[in-house]
Protein chains: 4
Amino acid sequence: MLIEIDMTSEKPIYEQIKASIIGGILKGELVEGSKLPSSRVLASNLGINMHTVGKAYNLLKDGGFVSVLRSKGVVINPLQMYQADKAYLDELTNMMNSIVAEAKCRGLSKERLVDVITTVYDHC
Amino acid sequence: MLIEIDMTSEKPIYEQIKASIIGGILKGELVEGSKLPSSRVLASNLGINMHTVGKAYNLLKDGGFVSVLRSKGVVINPLQMYQADKAYLDELTNMMNSIVAEAKCRGLSKERLVDVITTVYDHC
Amino acid sequence: MLIEIDMTSEKPIYEQIKASIIGGILKGELVEGSKLPSSRVLASNLGINMHTVGKAYNLLKDGGFVSVLRSKGVVINPLQMYQADKAYLDELTNMMNSIVAEAKCRGLSKERLVDVITTVYDHC
Amino acid sequence: MLIEIDMTSEKPIYEQIKASIIGGILKGELVEGSKLPSSRVLASNLGINMHTVGKAYNLLKDGGFVSVLRSKGVVINPLQMYQADKAYLDELTNMMNSIVAEAKCRGLSKERLVDVITTVYDHC
DNA sequence: GTGGTCTAGACCACC
DNA sequence: GTGGTCTAGACCACA
């Protein structure tokens with residue numbers, strides 16, 4: 001499970017880590033029960049601060065993706081723990097709002113937008 | 001043309017203003033040649049600082065949505081000035097990446113995701 | 001002699017007018033002794049303020065391109081009045097400095113830069 | 001890496017800073033990965049405001065010359081990030097237009113103009 | 001300690 | 001009166 005960080009990105013490092021872990025789940029490299037490297041180790045590997053990794057792990061915990069087991073590390077949860085629910089759908093809708101609005105304003109048809117989305121969906 | 005700001009949102013005020021203006025274009029309240037309120041006036045109406053409005057207007061200028069006329073104000077550009085091009089599509093794809101990845105990871109089918117998108121698209 | 005103004009340009013209108021007049025001289029539409037429209041008339045034609053045209057005419061006068069004859073209007077000077085001199089060459093070098101530096105920094109070879117210049121020179 | 005500002009110049013301070021940094025790259029004093037002084041430090045050294053430096057750094061970022069690392073500072077990008085592309089050449093041609101036109105109008109031959117340019121090019 | 005955001009208030013070029 | 005530039009000083013997210 002390879003995690004890569006782009007220091008020049010505007011996206012905070014901890015969000016990039018979160019996205020990487022999610023990518024690992026999608027690719028099947030991480031499955032229920034998989035153990036993530038400790039904050040200390042991952043931070044050292046990436047050359048970043050331990051607390052940054054900790055923040056990423058907390059985000060994943062809040063999202064239901066992992067459980068942080070005291071003194072046993074961080075492990076991936078079963079799928080049903082992070083299955084999309086209404087709260088998530090609301091949040092998703094919210095995030096999409098201004099992005100989709102700008103796309104529509106720029107003359108992107110619904111079909112082309114859906115095209116972009118499905119391409120991204122299939123690609124990840 | 002009503003512009004509203006949520007001071008408690010984590011989204012920067014200038015982004016909210018940008019989104020509002022784009023919304024106004026979508027609703028047809030702002031058309032090519034429409035004049036936006038001056039930085040000072042809008043800032044005063046919203047109870048915020050002039051420079052924050054100025055930053056929003058500059059973002060809109062960079063996005064091709066408006067022209068800033070040195071000492072005459074800010075006006076909406078013709079549609080072709082901000083039509084989606086390859087650079088924008090790349091940026092859009094980029095922004096979608098991690099959002100779509102998380103949705104897929106949470107077990108959202110492509111069809112349901114497209115559903116969310118089209119609903120948002122039709123609603124704005 | 002057609003003069004066009006781009007209100008959306010960052011370049012001040014009076015500089016655009018100046019550039020237009022210089023373009024007219026280059027194209028041979030304006031020759032020594034040609035009379036320019038009065039500030040009032042040109043301003044009215046362009047839909048701008050009289051003083052803006054006046055400023056452009058003053059710039060042209062300072063550059064040696066025209067003479068402002070009291071109550072007789074503005075007329076184009078003979079070429080020798082605005083022939084490049086040392087002061088102008090210094091000013092030109094000055095203006096070029098940061099532009100050329102950026103071009104060089106971006107990896108533009110001297111040959112390609114000269115190419116751009118000669119193309120512009122031949123085209124105007 | 002010395003950065004100097006002329007407070008009496010009509011060129012905005014942030015443009016002067018940008019030009020200075022570009023000069024530093026040209027002279028080889030700044031190379032890929034070089035870290036620029038923080039906004040606060042440079043501002044303090046120059047006796048100007050933090051935000052003015054910040055604006056210069058943002059201009060450099062928009063031009064592809066540097067990356068702004070959220071809380072680590074500003075570093076010089078690899079050359080290919082700011083290599084001249086078509087968009088830049090268009091912009092360059094645009095900037096040259098009125099300058100070259102005036103030179104031609106003042107009777108400067110193409111050869112002498114190229115001379116000026118190459119001298120500036122070699123000197124920076 | 002870094003840049004990002006926001007405020008408040010000043011002066012200036014332009015029109 | 002408009003936006004552009006600059007200053008001064010505050011708080012915050014990030015690392």
# chains A, B, ... in the order shown; residues from 1 in each chain; ligands from 1
call {"tool": "calpha_fit_and_write", "arguments": {"fixed": "chain D", "moving": "chain C", "output": "compact mmCIF listing (two decimals) with N, CA and C atoms, in the first residue's frame"}}
result
# COMPACT_ATOMS: atom_id res chain seq x y z
N MET C 1 20.89 36.20 -2.10
CA MET C 1 19.88 36.73 -3.03
C MET C 1 19.39 38.09 -2.54
N LEU C 2 19.83 39.12 -3.24
CA LEU C 2 19.50 40.49 -2.83
C LEU C 2 18.28 40.99 -3.59
N ILE C 3 17.33 41.54 -2.86
CA ILE C 3 16.16 42.12 -3.51
C ILE C 3 16.10 43.60 -3.18
N GLU C 4 16.05 44.41 -4.24
CA GLU C 4 16.00 45.86 -4.02
C GLU C 4 14.74 46.46 -4.61
N ILE C 5 14.23 47.44 -3.91
CA ILE C 5 12.97 48.07 -4.30
C ILE C 5 13.20 49.56 -4.54
N ASP C 6 12.63 50.07 -5.63
CA ASP C 6 12.68 51.51 -5.88
C ASP C 6 11.30 52.09 -5.63
N MET C 7 11.18 52.75 -4.49
CA MET C 7 9.87 53.29 -4.09
C MET C 7 9.38 54.38 -5.04
N THR C 8 10.31 54.99 -5.78
CA THR C 8 9.91 56.09 -6.65
C THR C 8 9.49 55.60 -8.03
N SER C 9 9.71 54.32 -8.30
CA SER C 9 9.34 53.80 -9.62
C SER C 9 7.82 53.79 -9.78
N GLU C 10 7.39 53.88 -11.04
CA GLU C 10 5.95 53.79 -11.31
C GLU C 10 5.49 52.34 -11.23
N LYS C 11 6.45 51.44 -11.34
CA LYS C 11 6.08 50.03 -11.33
C LYS C 11 5.71 49.62 -9.90
N PRO C 12 4.57 48.94 -9.74
CA PRO C 12 4.16 48.52 -8.40
C PRO C 12 5.25 47.70 -7.73
N ILE C 13 5.35 47.85 -6.43
CA ILE C 13 6.39 47.15 -5.67
C ILE C 13 6.32 45.65 -5.89
N TYR C 14 5.10 45.10 -5.91
CA TYR C 14 5.01 43.64 -6.04
C TYR C 14 5.55 43.16 -7.38
N GLU C 15 5.44 44.01 -8.40
CA GLU C 15 6.03 43.63 -9.69
C GLU C 15 7.54 43.73 -9.65
N GLN C 16 8.03 44.69 -8.90
CA GLN C 16 9.48 44.81 -8.75
C GLN C 16 10.04 43.59 -8.03
N ILE C 17 9.31 43.13 -7.03
CA ILE C 17 9.75 41.93 -6.30
C ILE C 17 9.76 40.74 -7.26
N LYS C 18 8.67 40.61 -8.01
CA LYS C 18 8.59 39.51 -8.98
C LYS C 18 9.79 39.56 -9.92
N ALA C 19 10.09 40.77 -10.45
CA ALA C 19 11.20 40.91 -11.39
C ALA C 19 12.52 40.55 -10.72
N SER C 20 12.64 40.91 -9.45
CA SER C 20 13.87 40.59 -8.71
C SER C 20 14.06 39.08 -8.59
N ILE C 21 12.99 38.38 -8.27
CA ILE C 21 13.06 36.92 -8.11
C ILE C 21 13.43 36.29 -9.45
N ILE C 22 12.78 36.76 -10.51
CA ILE C 22 13.09 36.24 -11.84
C ILE C 22 14.56 36.50 -12.17
N GLY C 23 15.04 37.70 -11.79
CA GLY C 23 16.45 38.01 -11.99
C GLY C 23 17.33 37.03 -11.22
N GLY C 24 16.91 36.66 -10.02
CA GLY C 24 17.67 35.70 -9.22
C GLY C 24 17.74 34.34 -9.88
N ILE C 25 16.64 33.95 -10.50
CA ILE C 25 16.64 32.66 -11.22
C ILE C 25 17.61 32.72 -12.39
N LEU C 26 17.54 33.84 -13.12
CA LEU C 26 18.41 34.00 -14.29
C LEU C 26 19.89 33.95 -13.91
N LYS C 27 20.20 34.58 -12.79
CA LYS C 27 21.60 34.63 -12.37
C LYS C 27 22.05 33.32 -11.74
N GLY C 28 21.12 32.40 -11.54
CA GLY C 28 21.47 31.13 -10.96
C GLY C 28 21.52 31.16 -9.44
N GLU C 29 21.17 32.31 -8.87
CA GLU C 29 21.17 32.40 -7.41
C GLU C 29 20.00 31.63 -6.82
N LEU C 30 18.95 31.52 -7.62
CA LEU C 30 17.79 30.74 -7.20
C LEU C 30 17.64 29.58 -8.17
N VAL C 31 17.60 28.38 -7.64
CA VAL C 31 17.43 27.20 -8.50
C VAL C 31 16.25 26.38 -7.98
N GLU C 32 15.88 25.41 -8.77
CA GLU C 32 14.76 24.55 -8.38
C GLU C 32 14.92 24.11 -6.93
N GLY C 33 13.89 24.37 -6.16
CA GLY C 33 13.93 23.95 -4.76
C GLY C 33 14.38 25.04 -3.80
N SER C 34 14.99 26.11 -4.34
CA SER C 34 15.41 27.21 -3.45
C SER C 34 14.21 27.74 -2.71
N LYS C 35 14.42 28.06 -1.45
CA LYS C 35 13.33 28.55 -0.61
C LYS C 35 13.40 30.08 -0.53
N LEU C 36 12.29 30.74 -0.80
CA LEU C 36 12.27 32.20 -0.69
C LEU C 36 12.00 32.58 0.76
N PRO C 37 12.47 33.76 1.15
CA PRO C 37 12.18 34.22 2.52
C PRO C 37 10.67 34.33 2.71
N SER C 38 10.21 34.17 3.93
CA SER C 38 8.77 34.29 4.20
C SER C 38 8.30 35.72 3.93
N SER C 39 7.04 35.85 3.61
CA SER C 39 6.48 37.19 3.34
C SER C 39 6.85 38.14 4.47
N ARG C 40 6.66 37.63 5.70
CA ARG C 40 6.89 38.47 6.87
C ARG C 40 8.32 38.99 6.90
N VAL C 41 9.27 38.07 6.71
CA VAL C 41 10.69 38.44 6.79
C VAL C 41 11.07 39.40 5.66
N LEU C 42 10.70 39.03 4.44
CA LEU C 42 11.08 39.88 3.31
C LEU C 42 10.46 41.26 3.46
N ALA C 43 9.19 41.28 3.85
CA ALA C 43 8.51 42.57 4.03
C ALA C 43 9.26 43.42 5.05
N SER C 44 9.65 42.78 6.12
CA SER C 44 10.37 43.51 7.18
C SER C 44 11.71 44.02 6.65
N ASN C 45 12.42 43.18 5.91
CA ASN C 45 13.72 43.61 5.36
C ASN C 45 13.56 44.80 4.43
N LEU C 46 12.51 44.78 3.63
CA LEU C 46 12.33 45.84 2.64
C LEU C 46 11.59 47.04 3.22
N GLY C 47 11.06 46.87 4.41
CA GLY C 47 10.32 47.97 5.02
C GLY C 47 9.00 48.22 4.34
N ILE C 48 8.39 47.15 3.88
CA ILE C 48 7.09 47.30 3.21
C ILE C 48 6.07 46.39 3.87
N ASN C 49 4.86 46.41 3.33
CA ASN C 49 3.79 45.63 3.93
C ASN C 49 3.85 44.16 3.51
N MET C 50 3.53 43.30 4.46
CA MET C 50 3.54 41.86 4.25
C MET C 50 2.68 41.46 3.05
N HIS C 51 1.53 42.11 2.93
CA HIS C 51 0.60 41.72 1.88
C HIS C 51 1.15 42.04 0.49
N THR C 52 2.02 43.05 0.42
CA THR C 52 2.63 43.39 -0.86
C THR C 52 3.53 42.25 -1.32
N VAL C 53 4.31 41.72 -0.38
CA VAL C 53 5.16 40.57 -0.71
C VAL C 53 4.28 39.38 -1.09
N GLY C 54 3.21 39.18 -0.32
CA GLY C 54 2.29 38.08 -0.61
C GLY C 54 1.75 38.17 -2.03
N LYS C 55 1.44 39.40 -2.45
CA LYS C 55 0.91 39.58 -3.80
C LYS C 55 1.97 39.19 -4.84
N ALA C 56 3.20 39.59 -4.57
CA ALA C 56 4.29 39.24 -5.50
C ALA C 56 4.43 37.72 -5.59
N TYR C 57 4.39 37.04 -4.45
CA TYR C 57 4.52 35.58 -4.43
C TYR C 57 3.36 34.93 -5.18
N ASN C 58 2.19 35.50 -5.06
CA ASN C 58 1.05 34.94 -5.78
C ASN C 58 1.20 35.10 -7.29
N LEU C 59 1.74 36.27 -7.68
CA LEU C 59 2.01 36.47 -9.11
C LEU C 59 2.97 35.41 -9.62
N LEU C 60 4.02 35.15 -8.83
CA LEU C 60 5.04 34.17 -9.23
C LEU C 60 4.42 32.78 -9.29
N LYS C 61 3.52 32.51 -8.34
CA LYS C 61 2.84 31.21 -8.34
C LYS C 61 1.98 31.09 -9.61
N ASP C 62 1.21 32.14 -9.91
CA ASP C 62 0.36 32.12 -11.11
C ASP C 62 1.21 31.95 -12.37
N GLY C 63 2.42 32.48 -12.34
CA GLY C 63 3.30 32.37 -13.51
C GLY C 63 4.00 31.02 -13.58
N GLY C 64 3.82 30.21 -12.54
CA GLY C 64 4.43 28.88 -12.53
C GLY C 64 5.85 28.86 -11.99
N PHE C 65 6.34 30.03 -11.54
CA PHE C 65 7.72 30.11 -11.09
C PHE C 65 7.95 29.46 -9.73
N VAL C 66 6.95 29.52 -8.88
CA VAL C 66 7.14 28.99 -7.52
C VAL C 66 5.92 28.16 -7.10
N SER C 67 6.14 27.37 -6.09
CA SER C 67 5.02 26.69 -5.43
C SER C 67 4.92 27.23 -4.02
N VAL C 68 3.70 27.52 -3.64
CA VAL C 68 3.48 27.97 -2.26
C VAL C 68 3.02 26.75 -1.46
N LEU C 69 3.94 26.23 -0.64
CA LEU C 69 3.63 25.04 0.15
C LEU C 69 3.14 25.45 1.53
N ARG C 70 1.93 25.03 1.82
CA ARG C 70 1.33 25.41 3.10
C ARG C 70 2.29 25.12 4.25
N SER C 71 2.59 26.14 4.98
CA SER C 71 3.41 26.05 6.20
C SER C 71 4.85 25.59 5.92
N LYS C 72 5.21 25.47 4.64
CA LYS C 72 6.61 25.12 4.37
C LYS C 72 7.31 26.23 3.60
N GLY C 73 6.53 27.25 3.20
CA GLY C 73 7.16 28.37 2.52
C GLY C 73 7.02 28.31 1.02
N VAL C 74 7.77 29.18 0.37
CA VAL C 74 7.67 29.34 -1.09
C VAL C 74 8.97 28.84 -1.71
N VAL C 75 8.85 27.90 -2.65
CA VAL C 75 10.06 27.36 -3.27
C VAL C 75 9.98 27.45 -4.79
N ILE C 76 11.16 27.58 -5.38
CA ILE C 76 11.28 27.71 -6.83
C ILE C 76 10.91 26.39 -7.50
N ASN C 77 10.11 26.49 -8.55
CA ASN C 77 9.70 25.29 -9.30
C ASN C 77 10.78 24.85 -10.29
N PRO C 78 10.68 23.59 -10.77
CA PRO C 78 11.55 23.16 -11.86
C PRO C 78 11.20 23.93 -13.14
N LEU C 79 12.22 24.14 -13.96
CA LEU C 79 12.08 24.95 -15.17
C LEU C 79 10.84 24.61 -15.99
N GLN C 80 10.54 23.31 -16.14
CA GLN C 80 9.44 22.94 -17.04
C GLN C 80 8.09 23.49 -16.57
N MET C 81 8.00 23.89 -15.31
CA MET C 81 6.74 24.43 -14.80
C MET C 81 6.45 25.82 -15.34
N TYR C 82 7.50 26.51 -15.78
CA TYR C 82 7.25 27.88 -16.25
C TYR C 82 7.85 28.12 -17.64
N GLN C 83 8.11 27.02 -18.32
CA GLN C 83 8.60 27.12 -19.70
C GLN C 83 7.57 27.89 -20.54
N ALA C 84 8.09 28.72 -21.47
CA ALA C 84 7.20 29.50 -22.33
C ALA C 84 6.25 28.60 -23.10
N ASP C 85 4.96 28.88 -23.01
CA ASP C 85 3.96 28.13 -23.79
C ASP C 85 3.22 29.12 -24.69
N LYS C 86 2.23 28.61 -25.42
CA LYS C 86 1.54 29.47 -26.37
C LYS C 86 0.85 30.66 -25.68
N ALA C 87 0.22 30.37 -24.54
CA ALA C 87 -0.49 31.44 -23.81
C ALA C 87 0.49 32.56 -23.46
N TYR C 88 1.68 32.15 -23.00
CA TYR C 88 2.66 33.16 -22.64
C TYR C 88 3.11 33.95 -23.86
N LEU C 89 3.33 33.24 -24.96
CA LEU C 89 3.79 33.93 -26.17
C LEU C 89 2.74 34.94 -26.65
N ASP C 90 1.47 34.58 -26.53
CA ASP C 90 0.40 35.52 -26.89
C ASP C 90 0.46 36.76 -26.00
N GLU C 91 0.62 36.52 -24.73
CA GLU C 91 0.68 37.62 -23.77
C GLU C 91 1.88 38.52 -24.08
N LEU C 92 3.00 37.85 -24.37
CA LEU C 92 4.23 38.59 -24.70
C LEU C 92 4.02 39.46 -25.94
N THR C 93 3.44 38.84 -26.97
CA THR C 93 3.17 39.58 -28.20
C THR C 93 2.30 40.80 -27.91
N ASN C 94 1.32 40.56 -27.09
CA ASN C 94 0.40 41.63 -26.70
C ASN C 94 1.12 42.79 -26.04
N MET C 95 1.97 42.45 -25.06
CA MET C 95 2.69 43.49 -24.34
C MET C 95 3.61 44.27 -25.28
N MET C 96 4.16 43.55 -26.25
CA MET C 96 5.11 44.18 -27.15
C MET C 96 4.44 45.14 -28.13
N ASN C 97 3.22 44.83 -28.48
CA ASN C 97 2.54 45.56 -29.55
C ASN C 97 2.74 47.07 -29.53
N SER C 98 2.25 47.74 -28.51
CA SER C 98 2.29 49.21 -28.55
C SER C 98 3.71 49.73 -28.38
N ILE C 99 4.53 48.98 -27.63
CA ILE C 99 5.92 49.42 -27.46
C ILE C 99 6.64 49.40 -28.81
N VAL C 100 6.51 48.29 -29.51
CA VAL C 100 7.18 48.16 -30.81
C VAL C 100 6.60 49.16 -31.81
N ALA C 101 5.28 49.34 -31.76
CA ALA C 101 4.65 50.29 -32.69
C ALA C 101 5.23 51.68 -32.49
N GLU C 102 5.37 52.10 -31.23
CA GLU C 102 5.93 53.43 -30.99
C GLU C 102 7.36 53.51 -31.48
N ALA C 103 8.13 52.47 -31.23
CA ALA C 103 9.53 52.45 -31.68
C ALA C 103 9.60 52.60 -33.20
N LYS C 104 8.76 51.83 -33.90
CA LYS C 104 8.75 51.87 -35.36
C LYS C 104 8.33 53.27 -35.83
N CYS C 105 7.32 53.80 -35.17
CA CYS C 105 6.82 55.13 -35.53
C CYS C 105 7.90 56.18 -35.36
N ARG C 106 8.76 55.98 -34.36
CA ARG C 106 9.84 56.94 -34.12
C ARG C 106 11.03 56.70 -35.05
N GLY C 107 10.84 55.83 -36.03
CA GLY C 107 11.86 55.66 -37.05
C GLY C 107 12.95 54.66 -36.69
N LEU C 108 12.73 53.86 -35.66
CA LEU C 108 13.72 52.86 -35.28
C LEU C 108 13.61 51.69 -36.26
N SER C 109 14.71 51.38 -36.92
CA SER C 109 14.68 50.26 -37.89
C SER C 109 14.56 48.94 -37.14
N LYS C 110 14.12 47.91 -37.87
CA LYS C 110 13.97 46.60 -37.24
C LYS C 110 15.32 46.16 -36.65
N GLU C 111 16.38 46.45 -37.39
CA GLU C 111 17.71 46.02 -36.95
C GLU C 111 18.09 46.67 -35.62
N ARG C 112 17.86 47.97 -35.53
CA ARG C 112 18.24 48.66 -34.29
C ARG C 112 17.37 48.19 -33.13
N LEU C 113 16.11 47.91 -33.41
CA LEU C 113 15.24 47.42 -32.35
C LEU C 113 15.73 46.06 -31.86
N VAL C 114 16.06 45.19 -32.82
CA VAL C 114 16.57 43.87 -32.45
C VAL C 114 17.85 44.03 -31.65
N ASP C 115 18.66 45.00 -32.06
CA ASP C 115 19.88 45.31 -31.32
C ASP C 115 19.59 45.60 -29.85
N VAL C 116 18.61 46.48 -29.64
CA VAL C 116 18.24 46.84 -28.27
C VAL C 116 17.83 45.58 -27.50
N ILE C 117 16.97 44.79 -28.14
CA ILE C 117 16.47 43.57 -27.49
C ILE C 117 17.60 42.62 -27.12
N THR C 118 18.48 42.35 -28.10
CA THR C 118 19.55 41.39 -27.83
C THR C 118 20.50 41.91 -26.75
N THR C 119 20.73 43.22 -26.78
CA THR C 119 21.58 43.79 -25.73
C THR C 119 20.95 43.56 -24.36
N VAL C 120 19.65 43.84 -24.26
CA VAL C 120 18.97 43.63 -22.99
C VAL C 120 19.03 42.15 -22.62
N TYR C 121 18.80 41.29 -23.62
CA TYR C 121 18.78 39.83 -23.37
C TYR C 121 20.13 39.36 -22.82
N ASP C 122 21.20 39.84 -23.46
CA ASP C 122 22.53 39.39 -23.04
C ASP C 122 22.91 39.94 -21.67
N HIS C 123 22.37 41.10 -21.38
CA HIS C 123 22.77 41.80 -20.16
C HIS C 123 22.10 41.24 -18.92
N CYS C 124 20.96 40.55 -19.12
CA CYS C 124 20.24 40.08 -17.93
C CYS C 124 20.40 38.58 -17.71
call {"tool": "select_by_dssp", "arguments": {"residues": "range 42-100 of chain A", "states": "strand (DSSP E)", "output": "list in words"}}
result
Val66, Ser67, Val68, Leu69, Gly73, Val74, Val75 and Ile76 of chain A
call {"tool": "interface_residues", "arguments": {"of": "chain E", "to": "chain B", "cutoff": "10 Å", "atoms": "only C-alpha atoms (C1' of nucleotides)", "output": "PyMOL selection string"}}
result
chain E and resi 4-8+13-15
call {"tool": "select_by_dssp", "arguments": {"residues": "range 10-100 of chain D", "states": "alpha helix (DSSP H)", "output": "ChimeraX atom specification"}}
result
/D:13-26,39-46,50-62,86-100
call {"tool": "atom_distance", "arguments": {"atom1": "C1' of DG3 in chain F", "atom2": "C1' of DG3 in chain E"}}
result
25.4 Å
call {"tool": "interface_residues", "arguments": {"of": "chain F", "to": "chain D", "cutoff": "7 Å", "atoms": "only C-alpha atoms (C1' of nucleotides)", "output": "list in words"}}
result
DT7, DC14 and DA15 of chain F
